[in-house]
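One structure below.
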Amino acid sequence: MEPRNNVTYFILLGLTQNPKEQKILSIVFSLSYILTVVGNLLIFVTVTVSKSLDSPMYFFLAGLSFIDVMYASVISPQLISGLFFGQKTISFQACMIQLFMEHFFGGSEVFLLLVMAYDRYVAICKPLHYLIIMRHWVCIMLLIGAWMLGFLHSVIQLSSLYGLPFCGPNVIDHFFCDMYPLLKLVCSDTYVIGLFVAINGGLSCSIVFLLLLISYGVILHSLKNLSQEGKRKALSTCGSHITVVVFFFVPCIFMYARPARNFPIDKSVSVCSTAITPMLNPLIYTLRNSEMKDAVKQIWRRKVT
């Protein structure tokens with residue numbers, strides 16, 4: 001007979017137990033979260049309002065910015081609250097909701113980045129057919145498809161964990177609810193479940209990352225057929241995409257493409273993927289994109305005027 005699940009809440013140990021470090025980190029992550037929300041919402045609003053940014057690339061960029069805001073909002077407030085107020089408990093149901101939402105938005109971003117790579121492939125390798133292939137309804141369906149795949153990934157992750165018995169230990173050595181730290185608290189053998197989680201999470205990340213590398217390799221190889229101006233613009237755009245892909249996928253692969261074990265460096269890697277990367281994405285896309293910078297300037301001038 002399996003042990004009964006009698007855990008009603010979990011205790012999150014957070015990043016550090018040092019009160020002085022907690023206060024400093026709470027300020028750092030508060031600023032990081034504010035920059036993440038402001039920067040990504042600025043991109044979202046700019047693309048939505050500006051008539052000059054009506055191409056599929058910016059449509060997907062707006063979708064990525066929205067996902068980054070939601071993804072950061074699932075984890076950062078909990079992290080900041082734990083550091084500043086010492087609020088380290090989270091109910092069982094709230095923990096499961098956080099786990100679901102984290103993998104939902106994270107999984108959606110994985111597949112959206114693949115869609116964005118496909119968009120750049122069509123734009124650079126098949127420019128004469130771009131507007132025919134990337135019609136507005138096709139872009140909408142691709143965006144919905146990325147969200148649906150993210151939802152499916154999250155449902156699988158949650159369903160593999162939710163029915164397992166938690167019969168005593170409730171201290172999570174992490175700053176949010178994630179699969180491997182939670183599996184460590186389960187009162188039964190989790191070897192098979194751990195492999196399943198690694199396949200659903202880590203293998204999926206690895207395959208998509210490999211596909212992205214191949215697609216960008218094909219794109220870069222095809223640049224020899226473009227003019228100097230075309231090469232410069234394509235390299236600028238693809239450079240931004242590749243930078244975002246590396247920042248997002250390397251931590252994802254490290255965290256999930258392995259057996260269900262926890263390492264001391266896991267918290268630092270998780271900080272990079274959940275707090276730093278969503279904050280950097282707006283900077284990466286705007287600083288290397290003259291059209292985006294011009295659109296932001298025009299909107300602000302219009303507001304001031």
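Each chain in the structure tokens gets a letter, A, B, ..., in the order shown, and its residues are numbered from 1; ligands are numbered from 1 in order too.
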Extract, using only C-alpha atoms, all DNA, RNA and protein residues at most 8 Å from Leu64 (chain A), discarding same-chain residues fewer than 6 positions from it, and format them as a short mmCIF file (atom, residue, chain, number, x, y, z; two decimals) with all heavy atoms, in the first residue's frame.
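Printed below is out-v6.cif as written:
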data_model
loop_
_atom_site.label_atom_id
_atom_site.label_comp_id
_atom_site.auth_asym_id
_atom_site.auth_seq_id
_atom_site.Cartn_x
_atom_site.Cartn_y
_atom_site.Cartn_z
N GLU A 109 7.65 28.93 -25.04
CA GLU A 109 8.79 29.70 -25.56
C GLU A 109 9.72 28.82 -26.38
O GLU A 109 10.27 29.27 -27.40
CB GLU A 109 9.54 30.38 -24.42
CG GLU A 109 10.69 31.25 -24.90
CD GLU A 109 11.13 32.30 -23.88
OE1 GLU A 109 10.37 32.57 -22.94
OE2 GLU A 109 12.23 32.84 -24.05
N LEU A 112 8.03 28.46 -29.68
CA LEU A 112 7.93 29.74 -30.37
C LEU A 112 9.27 30.14 -30.97
O LEU A 112 9.33 30.70 -32.08
CB LEU A 112 7.42 30.82 -29.43
CG LEU A 112 7.24 32.23 -30.03
CD1 LEU A 112 6.31 32.18 -31.25
CD2 LEU A 112 6.69 33.20 -29.00
N LEU A 113 10.36 29.86 -30.27
CA LEU A 113 11.69 30.15 -30.82
C LEU A 113 11.95 29.32 -32.08
O LEU A 113 12.62 29.78 -33.01
CB LEU A 113 12.77 29.89 -29.77
CG LEU A 113 12.83 30.91 -28.62
CD1 LEU A 113 13.77 30.42 -27.51
CD2 LEU A 113 13.26 32.28 -29.11
#
Inset, instruction - From a DSSP calculation on the backbone, collect every residue of region 12-258 of chain A in strand (DSSP E) and output the set as a VMD selection string. - result: chain A and resid 12 89 to 91 171 to 172
With all heavy atoms retained, write the just-selected residues as a short mmCIF file (atom, residue, chain, number, x, y, z; two decimals), in the first residue's frame.
data_model
loop_
_atom_site.label_atom_id
_atom_site.label_comp_id
_atom_site.auth_asym_id
_atom_site.auth_seq_id
_atom_site.Cartn_x
_atom_site.Cartn_y
_atom_site.Cartn_z
N LEU A 12 10.26 26.58 1.01
CA LEU A 12 11.30 26.88 0.03
C LEU A 12 12.51 27.48 0.73
O LEU A 12 12.39 28.53 1.37
CB LEU A 12 10.76 27.84 -1.04
CG LEU A 12 9.59 27.32 -1.89
CD1 LEU A 12 8.94 28.47 -2.65
CD2 LEU A 12 10.07 26.26 -2.86
N THR A 89 6.98 29.69 2.73
CA THR A 89 6.03 28.58 2.59
C THR A 89 5.14 28.79 1.36
O THR A 89 4.82 29.91 1.00
CB THR A 89 5.14 28.46 3.85
OG1 THR A 89 4.39 29.67 4.02
CG2 THR A 89 5.99 28.20 5.08
N ILE A 90 4.77 27.69 0.75
CA ILE A 90 3.86 27.70 -0.39
C ILE A 90 2.95 26.47 -0.27
O ILE A 90 3.44 25.37 0.05
CB ILE A 90 4.63 27.70 -1.72
CG1 ILE A 90 3.68 27.78 -2.91
CG2 ILE A 90 5.56 26.52 -1.84
CD1 ILE A 90 4.38 28.01 -4.24
N SER A 91 1.67 26.66 -0.45
CA SER A 91 0.74 25.54 -0.31
C SER A 91 0.98 24.51 -1.41
O SER A 91 1.58 24.81 -2.46
CB SER A 91 -0.71 26.04 -0.37
OG SER A 91 -1.03 26.49 -1.68
N VAL A 171 10.53 20.15 2.69
CA VAL A 171 11.49 21.23 2.52
C VAL A 171 12.12 21.12 1.13
O VAL A 171 12.79 20.12 0.82
CB VAL A 171 12.59 21.20 3.60
CG1 VAL A 171 13.60 22.32 3.37
CG2 VAL A 171 11.97 21.33 4.99
N ILE A 172 11.91 22.14 0.28
CA ILE A 172 12.44 22.16 -1.08
C ILE A 172 13.69 23.03 -1.10
O ILE A 172 13.63 24.22 -0.79
CB ILE A 172 11.40 22.72 -2.08
CG1 ILE A 172 10.13 21.88 -2.05
CG2 ILE A 172 11.98 22.77 -3.49
CD1 ILE A 172 9.01 22.45 -2.91
#
Legend entry - Test item: residues at most 9 Å from Tyr121 (chain A), only C-alpha atoms, excluding those fewer than 4 positions along its chain, as a count of residues only: 8
From a backbone DSSP assignment, name each residue in region 112-235 of chain A labelled helix (DSSP H, G or I), as a tab-separated table (two decimals) with N, CA, C and O atoms, in the first residue's frame.
chain	number	residue	atom	x	y	z
A	112	LEU	N	8.03	28.46	-29.68
A	112	LEU	CA	7.93	29.74	-30.37
A	112	LEU	C	9.27	30.14	-30.97
A	112	LEU	O	9.33	30.70	-32.08
A	113	LEU	N	10.36	29.86	-30.27
A	113	LEU	CA	11.69	30.15	-30.82
A	113	LEU	C	11.95	29.32	-32.08
A	113	LEU	O	12.62	29.78	-33.01
A	114	LEU	N	11.41	28.11	-32.11
A	114	LEU	CA	11.53	27.28	-33.32
A	114	LEU	C	10.73	27.89	-34.46
A	114	LEU	O	11.18	27.92	-35.61
A	115	VAL	N	9.53	28.40	-34.15
A	115	VAL	CA	8.71	29.07	-35.15
A	115	VAL	C	9.42	30.31	-35.69
A	115	VAL	O	9.42	30.58	-36.90
A	116	MET	N	10.05	31.07	-34.80
A	116	MET	CA	10.77	32.28	-35.22
A	116	MET	C	11.95	31.94	-36.12
A	116	MET	O	12.26	32.68	-37.06
A	117	ALA	N	12.60	30.80	-35.86
A	117	ALA	CA	13.69	30.37	-36.74
A	117	ALA	C	13.16	30.00	-38.11
A	117	ALA	O	13.78	30.31	-39.14
A	118	TYR	N	11.99	29.34	-38.14
A	118	TYR	CA	11.36	29.00	-39.43
A	118	TYR	C	11.00	30.26	-40.20
A	118	TYR	O	11.20	30.33	-41.42
A	119	ASP	N	10.50	31.27	-39.50
A	119	ASP	CA	10.16	32.54	-40.14
A	119	ASP	C	11.39	33.17	-40.78
A	119	ASP	O	11.34	33.66	-41.91
A	120	ARG	N	12.53	33.16	-40.07
A	120	ARG	CA	13.76	33.73	-40.64
A	120	ARG	C	14.28	32.89	-41.81
A	120	ARG	O	14.83	33.43	-42.77
A	121	TYR	N	14.09	31.58	-41.72
A	121	TYR	CA	14.50	30.70	-42.83
A	121	TYR	C	13.73	31.04	-44.11
A	121	TYR	O	14.32	31.19	-45.18
A	122	VAL	N	12.43	31.19	-43.98
A	122	VAL	CA	11.60	31.52	-45.15
A	122	VAL	C	11.95	32.90	-45.68
A	122	VAL	O	12.07	33.12	-46.89
A	123	ALA	N	12.15	33.86	-44.76
A	123	ALA	CA	12.44	35.25	-45.18
A	123	ALA	C	13.76	35.36	-45.93
A	123	ALA	O	13.86	36.12	-46.89
A	124	ILE	N	14.77	34.60	-45.51
A	124	ILE	CA	16.10	34.74	-46.10
A	124	ILE	C	16.34	33.76	-47.25
A	124	ILE	O	16.94	34.11	-48.27
A	125	CYS	N	15.83	32.53	-47.10
A	125	CYS	CA	16.09	31.50	-48.12
A	125	CYS	C	15.03	31.47	-49.22
A	125	CYS	O	15.30	30.99	-50.32
A	127	PRO	N	12.80	34.38	-50.17
A	127	PRO	CA	12.24	35.73	-50.02
A	127	PRO	C	11.07	36.02	-50.96
A	127	PRO	O	10.16	36.77	-50.59
A	128	LEU	N	11.07	35.45	-52.17
A	128	LEU	CA	10.00	35.72	-53.13
A	128	LEU	C	8.67	35.07	-52.71
A	128	LEU	O	7.61	35.51	-53.16
A	129	HIS	N	8.75	34.04	-51.89
A	129	HIS	CA	7.54	33.34	-51.45
A	129	HIS	C	7.17	33.66	-50.00
A	129	HIS	O	6.24	33.07	-49.45
A	130	TYR	N	7.91	34.60	-49.39
A	130	TYR	CA	7.74	34.86	-47.95
A	130	TYR	C	6.31	35.27	-47.61
A	130	TYR	O	5.69	34.70	-46.71
A	131	LEU	N	5.79	36.28	-48.31
A	131	LEU	CA	4.45	36.78	-47.98
A	131	LEU	C	3.36	35.76	-48.30
A	131	LEU	O	2.28	35.79	-47.71
A	132	ILE	N	3.64	34.84	-49.23
A	132	ILE	CA	2.67	33.80	-49.55
A	132	ILE	C	2.67	32.72	-48.47
A	132	ILE	O	1.61	32.26	-48.03
A	133	ILE	N	3.88	32.32	-48.05
A	133	ILE	CA	3.99	31.26	-47.03
A	133	ILE	C	3.58	31.77	-45.66
A	133	ILE	O	2.79	31.13	-44.96
A	136	HIS	N	-1.00	35.94	-42.66
A	136	HIS	CA	-1.38	36.31	-41.30
A	136	HIS	C	-2.03	35.14	-40.56
A	136	HIS	O	-1.69	34.88	-39.39
A	137	TRP	N	-2.90	34.42	-41.22
A	137	TRP	CA	-3.58	33.30	-40.54
A	137	TRP	C	-2.60	32.17	-40.24
A	137	TRP	O	-2.75	31.45	-39.23
A	138	VAL	N	-1.58	32.01	-41.10
A	138	VAL	CA	-0.55	31.00	-40.85
A	138	VAL	C	0.25	31.37	-39.60
A	138	VAL	O	0.54	30.51	-38.75
A	139	CYS	N	0.59	32.65	-39.47
A	139	CYS	CA	1.33	33.12	-38.29
A	139	CYS	C	0.51	32.89	-37.01
A	139	CYS	O	1.06	32.46	-35.98
A	140	ILE	N	-0.78	33.17	-37.09
A	140	ILE	CA	-1.65	32.96	-35.92
A	140	ILE	C	-1.69	31.48	-35.54
A	140	ILE	O	-1.60	31.12	-34.36
A	141	MET	N	-1.82	30.61	-36.54
A	141	MET	CA	-1.87	29.17	-36.28
A	141	MET	C	-0.55	28.66	-35.71
A	141	MET	O	-0.54	27.80	-34.82
A	142	LEU	N	0.57	29.19	-36.20
A	142	LEU	CA	1.88	28.80	-35.67
A	142	LEU	C	2.03	29.23	-34.21
A	142	LEU	O	2.56	28.48	-33.38
A	143	LEU	N	1.55	30.44	-33.90
A	143	LEU	CA	1.62	30.93	-32.52
A	143	LEU	C	0.73	30.07	-31.61
A	143	LEU	O	1.15	29.67	-30.51
A	144	ILE	N	-0.48	29.78	-32.07
A	144	ILE	CA	-1.39	28.93	-31.29
A	144	ILE	C	-0.79	27.53	-31.11
A	144	ILE	O	-0.87	26.93	-30.04
A	145	GLY	N	-0.15	27.03	-32.17
A	145	GLY	CA	0.48	25.72	-32.09
A	145	GLY	C	1.59	25.67	-31.05
A	145	GLY	O	1.72	24.69	-30.31
A	146	ALA	N	2.39	26.74	-30.97
A	146	ALA	CA	3.44	26.80	-29.96
A	146	ALA	C	2.85	26.79	-28.55
A	146	ALA	O	3.36	26.09	-27.66
A	147	TRP	N	1.76	27.54	-28.35
A	147	TRP	CA	1.09	27.55	-27.05
A	147	TRP	C	0.50	26.18	-26.72
A	147	TRP	O	0.59	25.72	-25.57
A	148	MET	N	-0.09	25.52	-27.71
A	148	MET	CA	-0.70	24.20	-27.46
A	148	MET	C	0.35	23.16	-27.11
A	148	MET	O	0.14	22.33	-26.23
A	149	LEU	N	1.49	23.20	-27.79
A	149	LEU	CA	2.57	22.26	-27.47
A	149	LEU	C	3.13	22.54	-26.08
A	149	LEU	O	3.47	21.60	-25.34
A	150	GLY	N	3.24	23.82	-25.72
A	150	GLY	CA	3.67	24.17	-24.37
A	150	GLY	C	2.68	23.67	-23.32
A	150	GLY	O	3.08	23.17	-22.26
A	151	PHE	N	1.39	23.79	-23.63
A	151	PHE	CA	0.33	23.31	-22.71
A	151	PHE	C	0.43	21.79	-22.55
A	151	PHE	O	0.34	21.27	-21.43
A	152	LEU	N	0.61	21.08	-23.67
A	152	LEU	CA	0.72	19.62	-23.62
A	152	LEU	C	1.93	19.19	-22.81
A	152	LEU	O	1.85	18.27	-21.98
A	153	HIS	N	3.06	19.85	-23.04
A	153	HIS	CA	4.27	19.55	-22.27
A	153	HIS	C	4.03	19.75	-20.77
A	153	HIS	O	4.42	18.90	-19.95
A	154	SER	N	3.37	20.83	-20.41
A	154	SER	CA	3.13	21.13	-18.99
A	154	SER	C	2.16	20.13	-18.36
A	154	SER	O	2.34	19.71	-17.21
A	155	VAL	N	1.13	19.75	-19.11
A	155	VAL	CA	0.17	18.76	-18.60
A	155	VAL	C	0.87	17.43	-18.32
A	155	VAL	O	0.63	16.79	-17.28
A	156	ILE	N	1.75	17.03	-19.23
A	156	ILE	CA	2.49	15.78	-19.03
A	156	ILE	C	3.39	15.86	-17.81
A	156	ILE	O	3.46	14.93	-16.99
A	157	GLN	N	4.08	16.98	-17.64
A	157	GLN	CA	4.97	17.15	-16.48
A	157	GLN	C	4.18	17.10	-15.18
A	157	GLN	O	4.57	16.41	-14.23
A	158	LEU	N	3.08	17.84	-15.13
A	158	LEU	CA	2.29	17.89	-13.90
A	158	LEU	C	1.64	16.55	-13.58
A	158	LEU	O	1.64	16.10	-12.43
A	159	SER	N	1.07	15.89	-14.60
A	159	SER	CA	0.38	14.62	-14.37
A	159	SER	C	1.35	13.53	-13.91
A	159	SER	O	0.95	12.62	-13.17
A	160	SER	N	2.62	13.62	-14.32
A	160	SER	CA	3.60	12.62	-13.89
A	160	SER	C	3.98	12.79	-12.43
A	160	SER	O	4.48	11.86	-11.80
A	161	LEU	N	3.73	13.97	-11.87
A	161	LEU	CA	4.13	14.26	-10.48
A	161	LEU	C	2.95	14.30	-9.53
A	161	LEU	O	3.07	13.89	-8.37
A	162	TYR	N	1.80	14.78	-10.00
A	162	TYR	CA	0.69	15.12	-9.10
A	162	TYR	C	0.18	13.93	-8.30
A	162	TYR	O	-0.17	14.06	-7.14
A	179	MET	N	10.53	20.31	-10.99
A	179	MET	CA	10.34	18.87	-11.04
A	179	MET	C	11.33	18.10	-10.17
A	179	MET	O	10.93	17.34	-9.29
A	180	TYR	N	12.62	18.28	-10.39
A	180	TYR	CA	13.61	17.45	-9.69
A	180	TYR	C	13.65	17.70	-8.19
A	180	TYR	O	13.75	16.74	-7.42
A	181	PRO	N	13.60	18.96	-7.71
A	181	PRO	CA	13.53	19.16	-6.26
A	181	PRO	C	12.29	18.53	-5.63
A	181	PRO	O	12.36	18.04	-4.49
A	182	LEU	N	11.16	18.53	-6.36
A	182	LEU	CA	9.95	17.90	-5.83
A	182	LEU	C	10.04	16.38	-5.85
A	182	LEU	O	9.58	15.71	-4.92
A	183	LEU	N	10.63	15.83	-6.91
A	183	LEU	CA	10.78	14.37	-6.98
A	183	LEU	C	11.62	13.84	-5.82
A	183	LEU	O	11.43	12.71	-5.37
A	191	TYR	N	12.71	6.59	-10.11
A	191	TYR	CA	13.68	6.44	-11.20
A	191	TYR	C	13.00	6.51	-12.57
A	191	TYR	O	13.45	7.25	-13.45
A	192	VAL	N	11.93	5.76	-12.73
A	192	VAL	CA	11.22	5.73	-14.02
A	192	VAL	C	10.60	7.10	-14.32
A	192	VAL	O	10.68	7.60	-15.45
A	193	ILE	N	9.98	7.70	-13.29
A	193	ILE	CA	9.39	9.03	-13.48
A	193	ILE	C	10.46	10.06	-13.85
A	193	ILE	O	10.26	10.92	-14.70
A	194	GLY	N	11.63	9.94	-13.22
A	194	GLY	CA	12.74	10.85	-13.53
A	194	GLY	C	13.18	10.73	-14.98
A	194	GLY	O	13.44	11.74	-15.64
A	195	LEU	N	13.26	9.51	-15.49
A	195	LEU	CA	13.60	9.31	-16.90
A	195	LEU	C	12.53	9.90	-17.81
A	195	LEU	O	12.84	10.53	-18.83
A	196	PHE	N	11.27	9.72	-17.43
A	196	PHE	CA	10.16	10.25	-18.22
A	196	PHE	C	10.22	11.78	-18.27
A	196	PHE	O	10.02	12.39	-19.32
A	197	VAL	N	10.50	12.39	-17.13
A	197	VAL	CA	10.61	13.86	-17.06
A	197	VAL	C	11.79	14.34	-17.91
A	197	VAL	O	11.69	15.34	-18.62
A	198	ALA	N	12.91	13.61	-17.85
A	198	ALA	CA	14.08	13.99	-18.64
A	198	ALA	C	13.78	13.90	-20.14
A	198	ALA	O	14.23	14.74	-20.93
A	199	ILE	N	13.01	12.89	-20.54
A	199	ILE	CA	12.64	12.75	-21.95
A	199	ILE	C	11.70	13.86	-22.38
A	199	ILE	O	11.89	14.51	-23.41
A	200	ASN	N	10.68	14.11	-21.57
A	200	ASN	CA	9.68	15.14	-21.90
A	200	ASN	C	10.26	16.54	-21.87
A	200	ASN	O	9.88	17.40	-22.67
A	201	GLY	N	11.19	16.79	-20.94
A	201	GLY	CA	11.76	18.12	-20.81
A	201	GLY	C	13.11	18.27	-21.50
A	201	GLY	O	13.26	19.01	-22.46
A	202	GLY	N	14.09	17.51	-21.01
A	202	GLY	CA	15.45	17.66	-21.50
A	202	GLY	C	15.64	17.23	-22.94
A	202	GLY	O	16.29	17.93	-23.73
A	203	LEU	N	15.06	16.08	-23.31
A	203	LEU	CA	15.21	15.60	-24.69
A	203	LEU	C	14.50	16.52	-25.66
A	203	LEU	O	15.02	16.80	-26.76
A	204	SER	N	13.33	17.01	-25.27
A	204	SER	CA	12.59	17.95	-26.13
A	204	SER	C	13.42	19.21	-26.36
A	204	SER	O	13.54	19.70	-27.49
A	205	CYS	N	14.00	19.76	-25.28
A	205	CYS	CA	14.85	20.95	-25.39
A	205	CYS	C	16.05	20.68	-26.30
A	205	CYS	O	16.40	21.52	-27.14
A	206	SER	N	16.65	19.52	-26.13
A	206	SER	CA	17.85	19.19	-26.91
A	206	SER	C	17.53	19.05	-28.39
A	206	SER	O	18.28	19.54	-29.25
A	207	ILE	N	16.41	18.39	-28.71
A	207	ILE	CA	16.02	18.20	-30.11
A	207	ILE	C	15.70	19.54	-30.77
A	207	ILE	O	16.15	19.83	-31.89
A	208	VAL	N	14.91	20.37	-30.08
A	208	VAL	CA	14.57	21.69	-30.64
A	208	VAL	C	15.82	22.54	-30.80
A	208	VAL	O	15.98	23.24	-31.81
A	209	PHE	N	16.73	22.48	-29.83
A	209	PHE	CA	17.98	23.25	-29.92
A	209	PHE	C	18.80	22.79	-31.12
A	209	PHE	O	19.36	23.62	-31.85
A	210	LEU	N	18.86	21.48	-31.35
A	210	LEU	CA	19.58	20.95	-32.51
A	210	LEU	C	18.94	21.42	-33.81
A	210	LEU	O	19.64	21.82	-34.76
A	211	LEU	N	17.61	21.39	-33.86
A	211	LEU	CA	16.90	21.87	-35.06
A	211	LEU	C	17.17	23.35	-35.30
A	211	LEU	O	17.33	23.79	-36.44
A	212	LEU	N	17.23	24.12	-34.22
A	212	LEU	CA	17.51	25.55	-34.35
A	212	LEU	C	18.92	25.79	-34.88
A	212	LEU	O	19.13	26.64	-35.75
A	213	LEU	N	19.88	25.04	-34.37
A	213	LEU	CA	21.25	25.19	-34.85
A	213	LEU	C	21.37	24.83	-36.33
A	213	LEU	O	22.05	25.52	-37.09
A	214	ILE	N	20.67	23.77	-36.73
A	214	ILE	CA	20.68	23.37	-38.14
A	214	ILE	C	20.05	24.46	-39.01
A	214	ILE	O	20.58	24.83	-40.06
A	215	SER	N	18.89	24.97	-38.56
A	215	SER	CA	18.18	25.98	-39.35
A	215	SER	C	19.01	27.26	-39.50
A	215	SER	O	19.10	27.82	-40.60
A	216	TYR	N	19.64	27.69	-38.42
A	216	TYR	CA	20.46	28.89	-38.52
A	216	TYR	C	21.74	28.63	-39.31
A	216	TYR	O	22.28	29.54	-39.95
A	217	GLY	N	22.24	27.39	-39.28
A	217	GLY	CA	23.37	27.03	-40.13
A	217	GLY	C	23.02	27.14	-41.60
A	217	GLY	O	23.80	27.67	-42.41
A	218	VAL	N	21.82	26.65	-41.96
A	218	VAL	CA	21.34	26.76	-43.35
A	218	VAL	C	21.16	28.22	-43.75
A	218	VAL	O	21.52	28.63	-44.85
A	219	ILE	N	20.60	29.00	-42.83
A	219	ILE	CA	20.38	30.43	-43.10
A	219	ILE	C	21.71	31.14	-43.35
A	219	ILE	O	21.87	31.89	-44.32
A	220	LEU	N	22.68	30.92	-42.46
A	220	LEU	CA	23.97	31.58	-42.60
A	220	LEU	C	24.69	31.14	-43.88
A	220	LEU	O	25.38	31.94	-44.51
A	221	HIS	N	24.52	29.88	-44.25
A	221	HIS	CA	25.13	29.39	-45.48
A	221	HIS	C	24.53	30.06	-46.72
A	221	HIS	O	25.23	30.29	-47.72
A	222	SER	N	23.24	30.38	-46.64
A	222	SER	CA	22.56	30.98	-47.79
A	222	SER	C	22.84	32.47	-47.95
A	222	SER	O	22.45	33.07	-48.95
A	223	LEU	N	23.51	33.08	-46.96
A	223	LEU	CA	23.76	34.53	-47.02
A	223	LEU	C	24.69	34.92	-48.16
A	223	LEU	O	24.73	36.09	-48.56
A	224	LYS	N	25.46	33.96	-48.69
A	224	LYS	CA	26.40	34.28	-49.77
A	224	LYS	C	25.68	34.77	-51.02
A	224	LYS	O	26.29	35.42	-51.88
A	225	ASN	N	24.37	34.46	-51.12
A	225	ASN	CA	23.60	34.89	-52.30
A	225	ASN	C	23.01	36.29	-52.14
A	225	ASN	O	22.37	36.79	-53.06
A	228	GLN	N	25.50	42.97	-49.87
A	228	GLN	CA	26.16	43.35	-48.63
A	228	GLN	C	25.18	43.90	-47.61
A	228	GLN	O	25.24	43.58	-46.42
A	229	GLU	N	24.23	44.73	-48.09
A	229	GLU	CA	23.21	45.28	-47.19
A	229	GLU	C	22.30	44.19	-46.67
A	229	GLU	O	21.93	44.17	-45.49
A	230	GLY	N	21.95	43.25	-47.56
A	230	GLY	CA	21.10	42.13	-47.15
A	230	GLY	C	21.80	41.24	-46.13
A	230	GLY	O	21.19	40.78	-45.16
A	231	LYS	N	23.11	41.00	-46.35
A	231	LYS	CA	23.88	40.21	-45.40
A	231	LYS	C	23.93	40.88	-44.05
A	231	LYS	O	23.77	40.24	-43.01
A	232	ARG	N	24.17	42.20	-44.04
A	232	ARG	CA	24.28	42.93	-42.77
A	232	ARG	C	22.98	42.85	-41.98
A	232	ARG	O	22.98	42.59	-40.77
A	233	LYS	N	21.85	43.07	-42.67
A	233	LYS	CA	20.56	43.04	-42.00
A	233	LYS	C	20.21	41.64	-41.51
A	233	LYS	O	19.73	41.47	-40.39
A	234	ALA	N	20.49	40.63	-42.35
A	234	ALA	CA	20.18	39.25	-41.97
A	234	ALA	C	21.04	38.80	-40.79
A	234	ALA	O	20.57	38.14	-39.86
A	235	LEU	N	22.34	39.17	-40.82
A	235	LEU	CA	23.23	38.80	-39.72
A	235	LEU	C	22.82	39.47	-38.42
A	235	LEU	O	22.91	38.88	-37.35
Inset, instruction - Would you mind reading off the distance between CA of Phe59 (chain A) and CA of Leu35 (chain A), one decimal, in Å? - result: 21.4 Å
Inset, instruction - Just the residues within 12 Å of Phe29 (chain A), please, counting only C-alpha atoms, with nothing from its chain fewer than 5 positions along; format it as JSON, numbers by chain. - result: {"A": [15, 21, 22, 23, 24, 34, 35, 36, 72, 73, 75, 76, 77, 78, 79, 80, 81, 82, 83, 84, 271, 272, 274, 275, 276, 279]}
Legend entry - Between CA of Cys238 (chain A) and CA of Tyr285 (chain A), distance in Å (one decimal): 10.2 Å
Inset, instruction - Report the distance between CA of Met96 (chain A) and CA of Asn40 (chain A) in Å, rounded to one decimal place. - result: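 Going from CA of Met96 (chain A) over to CA of Asn40 (chain A) covers 26.3 Å.
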Once you count only C-alpha atoms, what closest atom pair and distance in Å to one decimal does each residue of region 248-305 of chain A within 7 Å of region 43-46 of chain A have, with rows by chain and rising residue number, as a Markdown table?
| residue | atom | partner | partner_atom | distance |
| --- | --- | --- | --- | --- |
| A:Pro282 | CA | A:Ile43 | CA | 7.0 |
| A:Ala295 | CA | A:Thr46 | CA | 6.8 |
| A:Val296 | CA | A:Thr46 | CA | 6.2 |
Inset, instruction - May I ask which of the residues A:Gly39, A:Gly106, A:Pro278, A:Gly86 is the closest one to Thr16 (chain A), counting only C-alpha atoms? - result: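 Counting only C-alpha atoms, the residue closest to Thr16 (chain A) is A:Gly86.
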Would you mind listing what lies within 10 Å of Met255 (chain A) as a CSV table (one decimal) with C-alpha atoms, in the first residue's frame, with only C-alpha atoms counted and same-chain residues fewer than 2 positions away left out?
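Output file out_2.csv follows:
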chain,number,residue,atom,x,y,z
A,179,MET,CA,10.3,18.9,-11.0
A,180,TYR,CA,13.6,17.5,-9.7
A,198,ALA,CA,14.1,14.0,-18.6
A,201,GLY,CA,11.8,18.1,-20.8
A,202,GLY,CA,15.5,17.7,-21.5
A,249,PHE,CA,18.3,26.6,-24.2
A,250,VAL,CA,21.7,26.0,-22.5
A,251,PRO,CA,20.2,26.3,-19.0
A,252,CYS,CA,17.1,24.3,-20.1
A,253,ILE,CA,19.3,21.4,-21.4
A,257,ALA,CA,18.5,16.6,-20.0
A,258,ARG,CA,20.0,14.5,-17.2
A,259,PRO,CA,18.9,12.0,-14.5
A,260,ALA,CA,16.7,13.3,-11.7
A,261,ARG,CA,19.5,14.6,-9.5
A,262,ASN,CA,20.0,18.0,-7.8
A,263,PHE,CA,23.3,19.9,-7.9
A,265,ILE,CA,24.8,25.0,-9.2
A,266,ASP,CA,21.1,24.3,-10.1
A,267,LYS,CA,19.9,27.5,-8.3
A,269,VAL,CA,21.4,28.2,-13.5
A,270,SER,CA,17.7,28.6,-12.7
A,273,SER,CA,16.9,31.1,-17.1
Inset, instruction - Would you please work out which residue, of A:Cys187, A:Asn6, A:Ala62, A:Lys88, is nearest to Val49 (chain A) when using only C-alpha atoms? - result: A:Ala62
Inset, instruction - Would you mind listing what lies within 8 Å of Ser240 (chain A) as a PyMOL selection string, with only C-alpha atoms counted and same-chain residues fewer than 4 positions away left out? - result: chain A and resi 236+244+284-285+288
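Among the candidates A:Phe60, A:Phe247, A:Phe111, A:Phe176, the one nearest to Ile97 (chain A) when counting only C-alpha atoms is A:Phe176.
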